[in-house]
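Encoded as structure tokens, the structure appears first; notes follow it.
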Amino acid sequence: MHGTKILEETDRLMTVCNSCRYCEGLCAVFPAMEMRRAFSDGDLNYLANLCHSCGACYVDCQFSPPHEFNVNVPKTLAIARAESYAHYAWPRAFAGLFARNGLVISVIAALSVAAFIFGFAAVHDHAVLYGIHTGPGAFYKLMPHDAMVALFGAAFLYAIVALVMSVRAFWRDIGEPIGMKTDAKSLWQAIRDAGELRYLDGGGVGCFNKDELPTDRRKIFHHLTFYGFILCFAATCVGTLYHYLFAWEAPYPWWDLPVVLGTLGGIGLLVGPIGLLAAKSQRDPVLADEQRYGMDAAFIVMLFLTSLTGLALLLWRDTSAMGPLLAIHLGFVFALFITLPYGKFVHGIYRFVALVRYARERQTMAGGASE
Ligand code: SF4
Ligand code: SF4
């Protein structure tokens, strides 16, 4: 007996697949499945998060509908995966936010914070909002650096704590009997697999769409989005080091490292999310968990809007539009932070953790075989 209906169905499919094993070369899910004869809830959540939803095992399957076995691994694992995010959410009381993680809520949160920053500036010095401010420290005319750090530091810290707590629960559930320990080799293998999106290629041909013609589009746009996010994060880290180590205040010249990293990352976060949304519209609905489309789209659109407002700020930071643009951009950054632990962002972290577990299992198996 499993905790939910979708885990019951996942168990049924994995039992069928374990007898068949036709798809074992397609991705990590099938080899991981073959290491088991029975599946706990944690095992099924692990397998669900190993799946990259390429669709190949549905197209290749001789038991997919209309066959009476009704085997649809990509869709079943997609639903189980989405339910796992809510199951491991911290605090548990917020698990329901995954179901309501809509774009409207995120945008309202962003605009509320932008309005707060507007109000903050208006109370301190009304003229500052539409004044032209240039050179080091210009951003802090709108909101003092310490107030900005307090507001965004608290939101960031909350997101980190919530993510660590939920991933810890996930790891504990899937990690038995390995426990919390892992080794450098498994970690490096998982970093490579995640960095290359190794299993998002349908066994080498690409992801399947409505027309059943596989393409690499999802992989390319995932890469642009992921590395765009990493570059923007790196830009923030470098800017923080500049501020605290060298007392160099933002905004920085266009050729300086934080701006170069942020601009490249921002372009990735414009092109990647647009491509992902387009790729989503071309996916065969039979492969996808359509009920969670809103959660996926909310995160993708929030990344896009955060990047768009950031690049607009870069372009017009030397004009009187800087104050409003900075307030709006900070609003989107804040909304992105606080929704991170309860939206599609977690899929990247859970998938990485599942890849670490998989690398660890493979290594244990290889060690056992060579003994
Ligand atoms: S998805 Fe279908 S073809 Fe692939 S292993 Fe499962 S039952 Fe076999
Ligand atoms: S959809 Fe792709 S990644 Fe997921 S189980 Fe099937 S072949 Fe593997």
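Residue names in the structure tokens use chain letters A, B, ... in the order shown, residue numbers from 1 in each chain, and ligand numbers from 1 in the order shown.
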
Which of segment 217-351 of chain A fall in helix (DSSP H, G or I), as a ChimeraX atom specification: /A:217-246,257-281,290-315,322-342,346-351

Chain A residues near ligand 1 within 9 Å, closest pair each, using only C-alpha atoms and all ligand atoms, as a Markdown table:
```
| residue | atom | partner | partner_atom_place_in_ligand_line | distance |
| --- | --- | --- | --- | --- |
| A:Leu13 | CA | ligand 1 | 6 (Fe) | 6.9 |
| A:Met14 | CA | ligand 1 | 6 (Fe) | 7.1 |
| A:Thr15 | CA | ligand 1 | 6 (Fe) | 8.6 |
| A:Val16 | CA | ligand 1 | 7 (S) | 5.5 |
| A:Cys17 | CA | ligand 1 | 6 (Fe) | 3.6 |
| A:Asn18 | CA | ligand 1 | 5 (S) | 6.7 |
| A:Ser19 | CA | ligand 1 | 8 (Fe) | 7.6 |
| A:Cys20 | CA | ligand 1 | 8 (Fe) | 4.5 |
| A:Arg21 | CA | ligand 1 | 5 (S) | 4.2 |
| A:Tyr22 | CA | ligand 1 | 5 (S) | 4.5 |
| A:Cys23 | CA | ligand 1 | 4 (Fe) | 4.3 |
| A:Glu24 | CA | ligand 1 | 5 (S) | 6.7 |
| A:Leu26 | CA | ligand 1 | 4 (Fe) | 8.9 |
| A:Phe30 | CA | ligand 1 | 5 (S) | 7.2 |
| A:Ala56 | CA | ligand 1 | 1 (S) | 8.6 |
| A:Cys57 | CA | ligand 1 | 1 (S) | 4.8 |
| A:Tyr58 | CA | ligand 1 | 1 (S) | 5.9 |
| A:Val59 | CA | ligand 1 | 1 (S) | 8.5 |
| A:Asp60 | CA | ligand 1 | 3 (S) | 5.9 |
| A:Cys61 | CA | ligand 1 | 3 (S) | 3.7 |
| A:Gln62 | CA | ligand 1 | 3 (S) | 5.6 |
| A:Phe63 | CA | ligand 1 | 2 (Fe) | 5.4 |
| A:Ser64 | CA | ligand 1 | 2 (Fe) | 6.6 |
| A:Phe69 | CA | ligand 1 | 7 (S) | 8.5 |
| A:Val71 | CA | ligand 1 | 2 (Fe) | 6.2 |
| A:Asn72 | CA | ligand 1 | 1 (S) | 7.0 |
| A:Val73 | CA | ligand 1 | 1 (S) | 6.0 |
| A:Pro74 | CA | ligand 1 | 1 (S) | 8.7 |
```

Would you export the selected residues with N, CA, C and O atoms as a short mmCIF file (atom, residue, chain, number, x, y, z; two decimals), in the first residue's frame, please?
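To be explicit, this is the file written out as again-v5.cif:
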```
data_model
loop_
_atom_site.label_atom_id
_atom_site.label_comp_id
_atom_site.auth_asym_id
_atom_site.auth_seq_id
_atom_site.Cartn_x
_atom_site.Cartn_y
_atom_site.Cartn_z
N LEU A 13 3.13 0.58 -12.73
CA LEU A 13 3.90 0.74 -13.97
C LEU A 13 5.33 0.23 -13.81
O LEU A 13 5.87 -0.43 -14.71
N MET A 14 5.95 0.54 -12.68
CA MET A 14 7.34 0.10 -12.49
C MET A 14 7.41 -1.43 -12.41
O MET A 14 8.41 -2.03 -12.82
N THR A 15 6.36 -2.04 -11.92
CA THR A 15 6.34 -3.51 -11.87
C THR A 15 6.22 -4.09 -13.29
O THR A 15 6.92 -5.06 -13.64
N VAL A 16 5.37 -3.47 -14.11
CA VAL A 16 5.27 -3.89 -15.52
C VAL A 16 6.62 -3.69 -16.22
O VAL A 16 7.14 -4.58 -16.91
N CYS A 17 7.18 -2.49 -16.04
CA CYS A 17 8.45 -2.15 -16.72
C CYS A 17 9.58 -3.07 -16.26
O CYS A 17 10.47 -3.43 -17.03
N ASN A 18 9.55 -3.44 -14.99
CA ASN A 18 10.61 -4.30 -14.45
C ASN A 18 10.56 -5.69 -15.07
O ASN A 18 11.57 -6.41 -15.11
N SER A 19 9.38 -6.09 -15.56
CA SER A 19 9.28 -7.38 -16.25
C SER A 19 9.70 -7.24 -17.71
O SER A 19 10.19 -8.18 -18.31
N CYS A 20 9.47 -6.08 -18.26
CA CYS A 20 9.71 -5.84 -19.68
C CYS A 20 11.17 -5.42 -19.98
O CYS A 20 11.87 -6.03 -20.76
N ARG A 21 11.57 -4.33 -19.36
CA ARG A 21 12.95 -3.80 -19.43
C ARG A 21 13.39 -3.36 -20.83
O ARG A 21 14.59 -3.23 -21.09
N TYR A 22 12.44 -3.18 -21.70
CA TYR A 22 12.79 -2.76 -23.07
C TYR A 22 13.48 -1.40 -23.08
O TYR A 22 14.32 -1.12 -23.93
N CYS A 23 13.10 -0.50 -22.14
CA CYS A 23 13.58 0.88 -22.17
C CYS A 23 14.84 1.12 -21.34
O CYS A 23 15.18 2.27 -21.06
N GLU A 24 15.52 0.07 -20.94
CA GLU A 24 16.60 0.26 -19.96
C GLU A 24 17.74 1.15 -20.44
O GLU A 24 18.46 1.71 -19.63
N LEU A 26 17.33 3.97 -22.15
CA LEU A 26 16.87 5.33 -22.47
C LEU A 26 17.32 6.40 -21.47
O LEU A 26 17.56 7.55 -21.85
N PHE A 30 15.13 3.60 -15.64
CA PHE A 30 14.97 2.15 -15.78
C PHE A 30 16.09 1.36 -15.10
O PHE A 30 15.81 0.38 -14.40
N ALA A 56 10.37 9.50 -24.51
CA ALA A 56 10.81 8.39 -25.37
C ALA A 56 10.17 7.07 -24.96
O ALA A 56 9.80 6.25 -25.82
N CYS A 57 10.04 6.83 -23.65
CA CYS A 57 9.52 5.53 -23.21
C CYS A 57 8.03 5.39 -23.49
O CYS A 57 7.51 4.27 -23.49
N TYR A 58 7.35 6.48 -23.73
CA TYR A 58 5.93 6.38 -24.12
C TYR A 58 5.85 6.02 -25.60
O TYR A 58 5.08 5.13 -26.00
N VAL A 59 6.64 6.70 -26.41
CA VAL A 59 6.62 6.46 -27.86
C VAL A 59 7.09 5.04 -28.18
O VAL A 59 6.55 4.38 -29.07
N ASP A 60 8.09 4.57 -27.42
CA ASP A 60 8.66 3.24 -27.70
C ASP A 60 7.82 2.10 -27.13
O ASP A 60 8.05 0.94 -27.48
N CYS A 61 6.88 2.40 -26.24
CA CYS A 61 6.25 1.34 -25.44
C CYS A 61 5.15 0.59 -26.21
O CYS A 61 4.24 1.21 -26.76
N GLN A 62 5.24 -0.71 -26.21
CA GLN A 62 4.21 -1.52 -26.87
C GLN A 62 2.97 -1.67 -26.00
O GLN A 62 1.96 -2.20 -26.44
N PHE A 63 3.06 -1.19 -24.74
CA PHE A 63 1.92 -1.32 -23.82
C PHE A 63 1.24 0.02 -23.54
O PHE A 63 0.44 0.13 -22.62
N SER A 64 1.64 1.07 -24.27
CA SER A 64 1.00 2.37 -24.04
C SER A 64 -0.43 2.33 -24.60
O SER A 64 -0.75 1.47 -25.44
N PHE A 69 -2.82 -2.51 -20.79
CA PHE A 69 -1.90 -2.24 -19.68
C PHE A 69 -1.81 -0.74 -19.37
O PHE A 69 -1.38 -0.35 -18.30
N VAL A 71 0.16 1.78 -20.13
CA VAL A 71 1.45 2.24 -19.57
C VAL A 71 1.78 3.62 -20.13
O VAL A 71 2.00 3.79 -21.32
N ASN A 72 1.81 4.59 -19.23
CA ASN A 72 2.22 5.95 -19.61
C ASN A 72 3.19 6.44 -18.54
O ASN A 72 2.80 7.10 -17.57
N VAL A 73 4.45 6.06 -18.69
CA VAL A 73 5.46 6.37 -17.67
C VAL A 73 5.70 7.89 -17.55
O VAL A 73 5.70 8.43 -16.44
N PRO A 74 5.90 8.64 -18.68
CA PRO A 74 6.21 10.06 -18.51
C PRO A 74 5.14 10.84 -17.74
O PRO A 74 5.45 11.62 -16.85
#
```

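Counting only C-alpha atoms and all ligand atoms and comparing A:Ala121, A:Ala93, A:Ile6, A:Leu47, the residue that lies closest to ligand 2 is A:Leu47.
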
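One distance worth recording is that between atom CA of His329 of chain A and atom CA of Val113 of chain A, which is 9.7 Å.
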
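Restricting the calculation to only C-alpha atoms and all ligand atoms, the smallest distance between ligand 2 and any of A:Gly135, A:Gly175, A:Gly96, A:Gly206 is found for A:Gly206.
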
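Residues in contact range of Gly265 of chain A, defined as at most 12 Å between only C-alpha atoms, with sequence neighbours fewer than 6 positions away removed, read His223, Leu224, Thr225, Phe226, Tyr227, Gly228, Phe229, Ile230, Leu231, Cys232, Phe233, Ala234, Ala235, Thr236, Leu257, Pro258, Val259, Val271, Gly272, Leu303, Phe304, Thr306, Ser307, Leu308, Gly310 and Leu311 of chain A.
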
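Summary of the local environment: counting only C-alpha atoms, residues at most 12 Å from Tyr199 of chain A, other than itself and those fewer than 6 positions away along its chain, are Gly25, Leu26, Cys27, Ala28, Val29, Phe30, Asn49, Leu50, Cys51, His52, Ser53, Cys54, Gly55, Ala56, Ala190, Arg192, Asp193, Val205, Gly206, Cys207, Asp216, Arg218, Lys219, Arg351, Phe352 and Leu355 of chain A.
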
Include N, CA and C atoms and write out the residues we just selected as a short mmCIF file (atom, residue, chain, number, x, y, z; two decimals), in the first residue's frame.
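File out-v6.cif, as written:
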```
data_model
loop_
_atom_site.label_atom_id
_atom_site.label_comp_id
_atom_site.auth_asym_id
_atom_site.auth_seq_id
_atom_site.Cartn_x
_atom_site.Cartn_y
_atom_site.Cartn_z
N GLY A 25 17.88 1.33 -21.75
CA GLY A 25 18.98 2.17 -22.24
C GLY A 25 18.58 3.63 -22.42
N LEU A 26 17.33 3.97 -22.15
CA LEU A 26 16.87 5.33 -22.47
C LEU A 26 17.32 6.40 -21.47
N CYS A 27 17.34 6.06 -20.20
CA CYS A 27 17.62 7.09 -19.18
C CYS A 27 18.00 6.40 -17.88
N ALA A 28 18.08 7.17 -16.80
CA ALA A 28 18.50 6.60 -15.51
C ALA A 28 17.35 5.90 -14.78
N VAL A 29 16.10 6.22 -15.14
CA VAL A 29 14.96 5.68 -14.39
C VAL A 29 14.94 4.15 -14.43
N PHE A 30 15.13 3.60 -15.64
CA PHE A 30 14.97 2.15 -15.78
C PHE A 30 16.09 1.36 -15.10
N ASN A 49 11.62 11.65 -9.71
CA ASN A 49 12.49 12.82 -9.86
C ASN A 49 13.72 12.55 -10.71
N LEU A 50 14.00 11.28 -10.99
CA LEU A 50 15.07 10.96 -11.95
C LEU A 50 14.59 11.19 -13.38
N CYS A 51 13.29 11.07 -13.60
CA CYS A 51 12.73 11.21 -14.96
C CYS A 51 12.84 12.65 -15.44
N HIS A 52 13.29 12.84 -16.68
CA HIS A 52 13.42 14.17 -17.28
C HIS A 52 12.29 14.46 -18.26
N SER A 53 11.33 13.54 -18.31
CA SER A 53 10.12 13.77 -19.11
C SER A 53 10.40 13.96 -20.61
N CYS A 54 11.31 13.13 -21.14
CA CYS A 54 11.64 13.27 -22.57
C CYS A 54 10.55 12.65 -23.46
N GLY A 55 9.80 11.68 -22.90
CA GLY A 55 8.69 11.08 -23.66
C GLY A 55 9.07 9.84 -24.45
N ALA A 56 10.37 9.50 -24.51
CA ALA A 56 10.81 8.39 -25.37
C ALA A 56 10.17 7.07 -24.96
N ALA A 190 27.09 13.33 -10.61
CA ALA A 190 25.77 13.96 -10.63
C ALA A 190 25.86 15.39 -11.17
N ARG A 192 27.99 16.49 -13.35
CA ARG A 192 28.15 16.37 -14.81
C ARG A 192 26.83 16.01 -15.48
N ASP A 193 26.12 15.04 -14.91
CA ASP A 193 24.85 14.63 -15.51
C ASP A 193 23.84 15.78 -15.52
N VAL A 205 18.06 10.80 -29.07
CA VAL A 205 17.38 11.36 -30.25
C VAL A 205 16.72 12.71 -29.97
N GLY A 206 16.47 13.03 -28.69
CA GLY A 206 15.81 14.28 -28.35
C GLY A 206 14.46 14.04 -27.68
N CYS A 207 13.80 15.14 -27.32
CA CYS A 207 12.49 15.04 -26.65
C CYS A 207 11.37 14.94 -27.68
N ASP A 216 15.92 18.62 -30.03
CA ASP A 216 16.73 19.02 -28.87
C ASP A 216 16.27 20.35 -28.29
N ARG A 218 13.98 21.40 -26.15
CA ARG A 218 13.80 21.52 -24.69
C ARG A 218 15.16 21.56 -23.99
N LYS A 219 16.07 20.74 -24.47
CA LYS A 219 17.39 20.68 -23.84
C LYS A 219 18.12 22.02 -24.01
N ARG A 351 15.87 16.91 -8.67
CA ARG A 351 16.43 16.06 -9.73
C ARG A 351 17.93 15.86 -9.50
N PHE A 352 18.61 16.93 -9.09
CA PHE A 352 20.04 16.81 -8.82
C PHE A 352 20.28 15.82 -7.68
N LEU A 355 19.92 12.42 -8.89
CA LEU A 355 21.08 12.02 -9.68
C LEU A 355 22.26 11.63 -8.78
#
```

Best match for closeness to Asp284 of chain A among A:Trp248, A:Phe120, A:Phe208, A:Phe170, counting only C-alpha atoms: A:Phe208

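Take the candidates A:Asp125, A:Asp289, A:Asp201, A:Asp256 and check each one against ligand 2 using only C-alpha atoms and all ligand atoms; the shortest distance goes to A:Asp201.
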